[in-house]
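In what follows, a structure is listed as structure tokens, so that the remarks can point back to it.
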Amino acid sequence: MRYLPLTDTDRSEMLAKVGASTIDDLFVDVPEEARLDGPIHGLPMHASEMAVERHMRLLSKKNLAAADAPFFLGAGAYRHHVPASVDHIIQRGEFLTAYTPYQPEIAQGTLQMLFEFQTQVAKLYGCAVANASMYDGSTACWEAVAMATRVTRRNKAVLSGALHPHYTEVVKTMAKFTGDTIADSSPSIQPSPDNVGLIARIDEDTACVVVQYPDILGRIPDLTEIAEAAHAKGALLVAVNTEPVALGAIKSPGELGADIVVGEGQAIGVGLQFGGPFLGLFAVRDPKHVRQMPGRLCGETVDAEGKRGFVLTLSTREQHIRREKATSNICTNSGLCALAFSVHMTLLGEKGLRRLAAENHRLACIAADRLARVPGVTVLNELFFNEFTIRIEADARQVVRDLADQGVLAGVSLGRLYPQVEEFSDSLLVAVTETTSEEDIETLAVALEEALS
Amino acid sequence: MPRYFTDEHEWIDVDGDTATVGITDYAQEQLGDIVFVELPAPGTALTKGGDAAVVESVKAASDVYAPIDGEVSEANSALEDDPALVNTAPEGEGWFFKMTVGDAGQLEGLMDEAGYKSFCDSL
């Protein structure tokens with residue numbers, strides 16, 4: 001591909017074509033306060049490489065890194081141990097073949113990896129078919145809603161109140177452009193999810209019910225009864241999982257009747273990486289829905305000589321063939337993150353995943369028991385995997401900030417996730433993984449006790 | 001029962017107020033092995049020349065257009081399980097959907113069998 005820079009004339013012709021007068025007009029949808037107005041503050045316009053490195057190193061010291069403090073943050077992004085072997089293996093030459101040169105079958109290394117990745121995701125989710133990944137959990141969640149509207153030919157989605165609020169926001173943002181109706185609500189702060197209330201909201205116009213499992217408060221809803229209620233009204237059940245390690249301990253959503261299972265794969269092999277890139281997972285339980293799935297699919301076949309090989313399949317649903325009538329506007333996948341997920345999952349194996357899940361739950365139980373003994377702390381959840389909600393007799397946002405100043409990352413306050421809901425301000429999500437030590441738990445308990453006394 | 005053809009290779013059999021629509025033998029031949037057909041739901045309002053169905057072969061996915069205005073009354077559910085019917089019996093069992101005849105006047109602009117044959121010969 002040649003690189004031909006644009007002339008001013010090219011630019012003004014292109015702007016005129018789309019009806020914009022300046023380049024800045026193209027960014028009107030970005031909130032003004034989020035736009036960069038001039039140079040970055042505190043950075044000199046010109047400096048030597050060494051001076052920039054020195055400056056950046058000083059800036060980075062202001063961070064409190066996840067590994068440098070007792071760490072209890074979760075709410076959709078989880079700190080797990082990523083073995084050094086994952087980083088080593090993903091850099092091997094076999095995986096360097098680009099997979100979308102529009103002759104994708106050349107890239108057998110990448111295709112084989114994606115095929116194995118799909119197999120792992122399908123098994124983890126209890127589904128028949130998984131795709132080659134999406135951008136992240138929230139966009140996968142929207143794609144599931146969009147798919148359900150195609151399958152059912154209805155255009156209303158009922159979102160559980162206990163769906164991650166960021167996922168809800170992404171779904172609502174996308175629905176602004178499709179005209180679909182999104183019925184959301186706030187979670188009820190109860191020991192168990194409000195299945196009865198959710199089921200009552202399903203009607204004959206509902207394309208799908210979207211339920212997080214485990215939910216935003218760490219509770220584990222009974223998907224079976226929601227699936228039955230949804231199916232009775234001709235709607236699909238979309239299950240959303242933000243912590244795939246949980247599925248090493250609890251039944252898969254597919255087994256419990258979910259029709260589309262989506263989620264965030266970051267917890268396995270990917271790492272926190274300052275919030276991204278992450279990894280969207282997407283699977284369907286019934287193979288008859290495969291043509292309505294978004295994204296890439298790799299399949300196994302044999303070549304002209306009868307040798308095993310891998311191909312991109314069902315491309316007839318995709319943009320490069322169906323143009324604006326494609327099943328979705330997603331046209332790639334999170335290849336490297338999918339590779340890291342797949343490598344880590346392969347290293348774990350089924351037994352390893354179960355052991356990892358058991359260890360997460362064991363430590364979370366220790367944490368819940370310990371925190372429950374702190375005066376002023378109540379553990380909300382009846383059930384949880386590695387994350388649970390506590391209520392503290394204080395403004396949780398302030399307590400989190402105070403504890404961060406003392407070098408303890410105590411969790412994600414619900415006040416941060418739901419700033420508009422006053423009654424959530426005393427609640428805190430606490431996540432515990434295999435990286436959490438019992439000393440970390442003791443440190444948190446002592447610090448909380450001091451903060452609340 | 002008169003049969004009409006469009007230059008997009010659909011056929012339409014008209015029987016009073018209702019019509020049956022499919023794609024022609026020439027079309028299935030060009031598409032190759034049909035692997036999937038997406039059909040409109042009963043009740044869908046169709047406009048002449050607008051999208052009505054999608055037919056997918058190993059080579060391509062193609063739109064099938066409504067030959068006239070009307071409303072879908074039935075989709076051929078046999079194609080869900082056996083899309084190859086479009087290859088084996090395109091102008092019979094491989095029909096796509098039935099529809100109401102919204103405007104019989106629109107049929108006059110379509111080709112008859114002889115007209116369609118010479119149209120295909122010219123392609």
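Numbering starts fresh at 1 for the residues of each chain in the structure tokens, the chains themselves are lettered A, B, ... in the order given, and ligands are numbered from 1 as they appear.
Residues of region 13-78 of chain B that DSSP, applied to the backbone, places in helix (DSSP H, G or I): Asp25, Tyr26, Ala27, Gln28, Glu29, Gln30, Leu31 and Ala78 of chain B.
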Per-residue nearest contacts of chain B to chain A (8 Å; only C-alpha atoms) as a Markdown table:
```
| residue | atom | partner | partner_atom | distance |
| --- | --- | --- | --- | --- |
| B:Glu56 | CA | A:Thr316 | CA | 7.2 |
| B:Ala60 | CA | A:Thr316 | CA | 6.1 |
| B:Ala61 | CA | A:Thr316 | CA | 5.7 |
```
remark   = Counting only C-alpha atoms, closest pick from B:Ile68, B:Leu85, B:Leu123, B:Leu31 relative to Gln106 (chain B) is B:Ile68
task = Identify, on the basis of only C-alpha atoms, every residue whose closest approach to Val54 (chain B) does not exceed 9 Å; exclude the query and any residue fewer than 3 positions from it along the same chain; express the result as a PyMOL selection string.
result = chain B and resi 36-40+51+61-65
Please write the residues from the selection above to a file, keeping C-alpha atoms, as a tab-separated table (two decimals), in the first residue's frame.
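The result, stored in out_31.tsv:
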```
chain	number	residue	atom	x	y	z
B	36	PHE	CA	-28.92	-20.85	3.68
B	37	VAL	CA	-32.07	-18.88	2.96
B	38	GLU	CA	-33.27	-16.06	5.18
B	39	LEU	CA	-37.00	-15.59	4.74
B	40	PRO	CA	-39.32	-12.74	5.72
B	51	ASP	CA	-35.45	-6.47	-0.03
B	61	ALA	CA	-24.96	-13.86	-0.24
B	62	SER	CA	-27.56	-12.22	-2.48
B	63	ASP	CA	-30.71	-10.28	-1.85
B	64	VAL	CA	-34.03	-11.42	-3.23
B	65	TYR	CA	-36.37	-8.56	-4.09
```
inquiry  = as a PyMOL selection string, please: the residues near Phe117 (chain A) (cut-off 12 Å, only C-alpha atoms, same-chain neighbours under 5 positions excluded).
reply    = chain A and resi 110-112+122-124+129-133+265+268+279+281-283+297-299+333-346
Those selected residues, please, written with C-alpha atoms and delivered as a PDB file, in the first residue's frame.
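Written out: out.pdb:
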```
ATOM      1  CA  THR A 110      -3.308 -17.699  13.765  1.00  0.00           C
ATOM      2  CA  LEU A 111      -6.327 -19.585  12.451  1.00  0.00           C
ATOM      3  CA  GLN A 112      -5.479 -22.721  14.412  1.00  0.00           C
ATOM      4  CA  ALA A 122     -17.647 -22.616  23.796  1.00  0.00           C
ATOM      5  CA  LYS A 123     -16.791 -25.198  26.478  1.00  0.00           C
ATOM      6  CA  LEU A 124     -16.390 -22.564  29.199  1.00  0.00           C
ATOM      7  CA  VAL A 129     -20.339 -22.195  18.902  1.00  0.00           C
ATOM      8  CA  ALA A 130     -18.115 -19.271  19.913  1.00  0.00           C
ATOM      9  CA  ASN A 131     -16.664 -16.605  17.650  1.00  0.00           C
ATOM     10  CA  ALA A 132     -13.050 -15.510  17.329  1.00  0.00           C
ATOM     11  CA  SER A 133     -13.592 -12.765  19.982  1.00  0.00           C
ATOM     12  CA  GLY A 265     -12.125 -12.532  28.898  1.00  0.00           C
ATOM     13  CA  ILE A 268      -7.566 -15.103  31.924  1.00  0.00           C
ATOM     14  CA  LEU A 279     -11.211  -9.281  25.189  1.00  0.00           C
ATOM     15  CA  LEU A 281     -16.177 -13.366  24.350  1.00  0.00           C
ATOM     16  CA  PHE A 282     -19.291 -14.384  22.424  1.00  0.00           C
ATOM     17  CA  ALA A 283     -21.018 -17.752  22.095  1.00  0.00           C
ATOM     18  CA  LEU A 297     -15.580 -17.621  12.876  1.00  0.00           C
ATOM     19  CA  CYS A 298     -12.740 -20.028  12.194  1.00  0.00           C
ATOM     20  CA  GLY A 299     -13.524 -23.534  11.067  1.00  0.00           C
ATOM     21  CA  ASN A 333     -11.269  -9.396  16.771  1.00  0.00           C
ATOM     22  CA  SER A 334      -8.919  -8.918  19.716  1.00  0.00           C
ATOM     23  CA  GLY A 335      -6.361 -11.291  18.211  1.00  0.00           C
ATOM     24  CA  LEU A 336      -3.465 -10.867  20.617  1.00  0.00           C
ATOM     25  CA  CYS A 337      -5.654 -10.855  23.737  1.00  0.00           C
ATOM     26  CA  ALA A 338      -7.476 -13.937  22.432  1.00  0.00           C
ATOM     27  CA  LEU A 339      -4.118 -15.619  21.959  1.00  0.00           C
ATOM     28  CA  ALA A 340      -3.045 -14.777  25.510  1.00  0.00           C
ATOM     29  CA  PHE A 341      -6.384 -16.079  26.848  1.00  0.00           C
ATOM     30  CA  SER A 342      -6.032 -19.278  24.871  1.00  0.00           C
ATOM     31  CA  VAL A 343      -2.435 -19.875  25.926  1.00  0.00           C
ATOM     32  CA  HIS A 344      -3.246 -19.313  29.601  1.00  0.00           C
ATOM     33  CA  MET A 345      -6.326 -21.519  29.370  1.00  0.00           C
ATOM     34  CA  THR A 346      -4.271 -24.249  27.705  1.00  0.00           C
TER      35      THR A 346
END
```
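Of the residues in region 293-349 of chain A, those that DSSP places in strand (DSSP E or B) on the basis of the backbone are A:Cys298, A:Gly299, A:Glu300, A:Thr301, A:Val302, A:Arg308, A:Gly309, A:Phe310, A:Val311, A:Leu312.
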Would you output that residue set with C-alpha atoms, as a PDB file, in the first residue's frame?
```pdb
ATOM      1  CA  CYS A 298     -12.740 -20.028  12.194  1.00  0.00           C
ATOM      2  CA  GLY A 299     -13.524 -23.534  11.067  1.00  0.00           C
ATOM      3  CA  GLU A 300     -11.602 -26.750  10.632  1.00  0.00           C
ATOM      4  CA  THR A 301     -11.496 -28.443   7.240  1.00  0.00           C
ATOM      5  CA  VAL A 302      -9.241 -30.492   4.972  1.00  0.00           C
ATOM      6  CA  ARG A 308      -6.206 -30.825   8.259  1.00  0.00           C
ATOM      7  CA  GLY A 309      -6.425 -27.061   7.866  1.00  0.00           C
ATOM      8  CA  PHE A 310      -8.267 -24.010   9.165  1.00  0.00           C
ATOM      9  CA  VAL A 311     -10.377 -21.410   7.380  1.00  0.00           C
ATOM     10  CA  LEU A 312     -12.487 -18.364   8.084  1.00  0.00           C
TER      11      LEU A 312
END
```
inquiry  = So that I can see what lies close to Gln212 (chain A), please list as a PyMOL selection string the residues with an atom at most 12 Å from it, counting only C-alpha atoms and leaving out residues fewer than 2 positions away in the same chain.
reply    = chain A and resi 75-76+137-138+141+159-165+167-168+187+193+195+209-210+214-223+226+237-244+253+258+260-264
ask   = Could you work out how far CA of Thr9 (chain A) lies from CA of Thr22 (chain A), giving the answer in Å with one decimal?
value = 12.6 Å
Tell me which protein, DNA and RNA residues are within 12 Å of Lys48 (chain B), counting only C-alpha atoms, leaving out same-chain ones fewer than 6 positions away, and put them as a tab-separated table (two decimals) with N, CA and C atoms, in the first residue's frame.
```tsv
chain	number	residue	atom	x	y	z
B	6	THR	N	-38.87	-11.43	-13.06
B	6	THR	CA	-38.25	-10.10	-12.94
B	6	THR	C	-36.85	-10.15	-13.54
B	8	GLU	N	-34.39	-9.37	-11.94
B	8	GLU	CA	-33.51	-9.77	-10.83
B	8	GLU	C	-33.61	-11.28	-10.58
B	10	GLU	N	-36.27	-13.30	-10.04
B	10	GLU	CA	-37.32	-13.89	-9.22
B	10	GLU	C	-38.45	-14.33	-10.15
B	64	VAL	N	-32.91	-11.08	-2.37
B	64	VAL	CA	-34.03	-11.42	-3.23
B	64	VAL	C	-35.04	-10.29	-3.05
B	65	TYR	N	-35.52	-9.73	-4.16
B	65	TYR	CA	-36.37	-8.56	-4.09
B	65	TYR	C	-37.83	-8.93	-4.30
B	66	ALA	N	-38.70	-8.10	-3.74
B	66	ALA	CA	-40.14	-8.32	-3.93
B	66	ALA	C	-40.51	-7.93	-5.35
B	67	PRO	N	-41.18	-8.83	-6.10
B	67	PRO	CA	-41.54	-8.50	-7.49
B	67	PRO	C	-42.66	-7.47	-7.56
B	68	ILE	N	-43.51	-7.44	-6.53
B	68	ILE	CA	-44.64	-6.49	-6.48
B	68	ILE	C	-44.85	-6.07	-5.02
B	69	ASP	N	-45.72	-5.10	-4.80
B	69	ASP	CA	-46.11	-4.72	-3.44
B	69	ASP	C	-46.99	-5.82	-2.85
B	70	GLY	N	-47.01	-5.93	-1.52
B	70	GLY	CA	-47.90	-6.87	-0.87
B	70	GLY	C	-47.42	-7.19	0.52
B	71	GLU	N	-48.08	-8.19	1.12
B	71	GLU	CA	-47.72	-8.56	2.48
B	71	GLU	C	-47.42	-10.06	2.51
B	99	MET	N	-47.28	-14.27	-0.84
B	99	MET	CA	-47.61	-12.90	-0.49
B	99	MET	C	-48.96	-12.51	-1.09
B	101	VAL	N	-51.33	-9.95	-3.26
B	101	VAL	CA	-51.09	-9.11	-4.44
B	101	VAL	C	-51.63	-7.73	-4.13
B	102	GLY	N	-50.72	-6.82	-3.80
B	102	GLY	CA	-51.14	-5.48	-3.38
B	102	GLY	C	-51.60	-4.62	-4.55
B	103	ASP	N	-50.95	-4.81	-5.68
B	103	ASP	CA	-51.26	-3.97	-6.84
B	103	ASP	C	-51.05	-4.80	-8.10
B	104	ALA	N	-52.16	-5.40	-8.59
B	104	ALA	CA	-52.06	-6.31	-9.74
B	104	ALA	C	-51.49	-5.60	-10.97
B	105	GLY	N	-51.63	-4.28	-11.01
B	105	GLY	CA	-51.12	-3.51	-12.15
B	105	GLY	C	-49.61	-3.65	-12.30
B	106	GLN	N	-48.93	-3.89	-11.16
B	106	GLN	CA	-47.47	-3.99	-11.22
B	106	GLN	C	-47.00	-5.23	-11.98
B	107	LEU	N	-47.90	-6.23	-12.12
B	107	LEU	CA	-47.52	-7.46	-12.83
B	107	LEU	C	-47.26	-7.19	-14.31
B	109	GLY	N	-45.61	-4.97	-15.73
B	109	GLY	CA	-44.23	-4.61	-16.06
B	109	GLY	C	-43.28	-5.79	-16.04
B	110	LEU	N	-43.75	-6.97	-15.62
B	110	LEU	CA	-42.85	-8.13	-15.50
B	110	LEU	C	-42.82	-8.93	-16.80
```
query = Within 9 Å of Ala183 (chain A), counting only C-alpha atoms, which residues qualify if same-chain residues fewer than 2 places away don't, as number ranges by chain?
reply = A: 156-160, 181, 185, 201
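The spacing separating CA of Ile330 (chain A) from CA of Met147 (chain A) amounts to 12.4 Å.
Note that CA of Leu79 (chain B) and CA of Thr44 (chain B) are 18.2 Å apart.
Take the candidates A:Ser60, A:Asn360, A:Gln266, A:Thr313 and check each one against Lys59 (chain B) using only C-alpha atoms; the shortest distance goes to A:Thr313.
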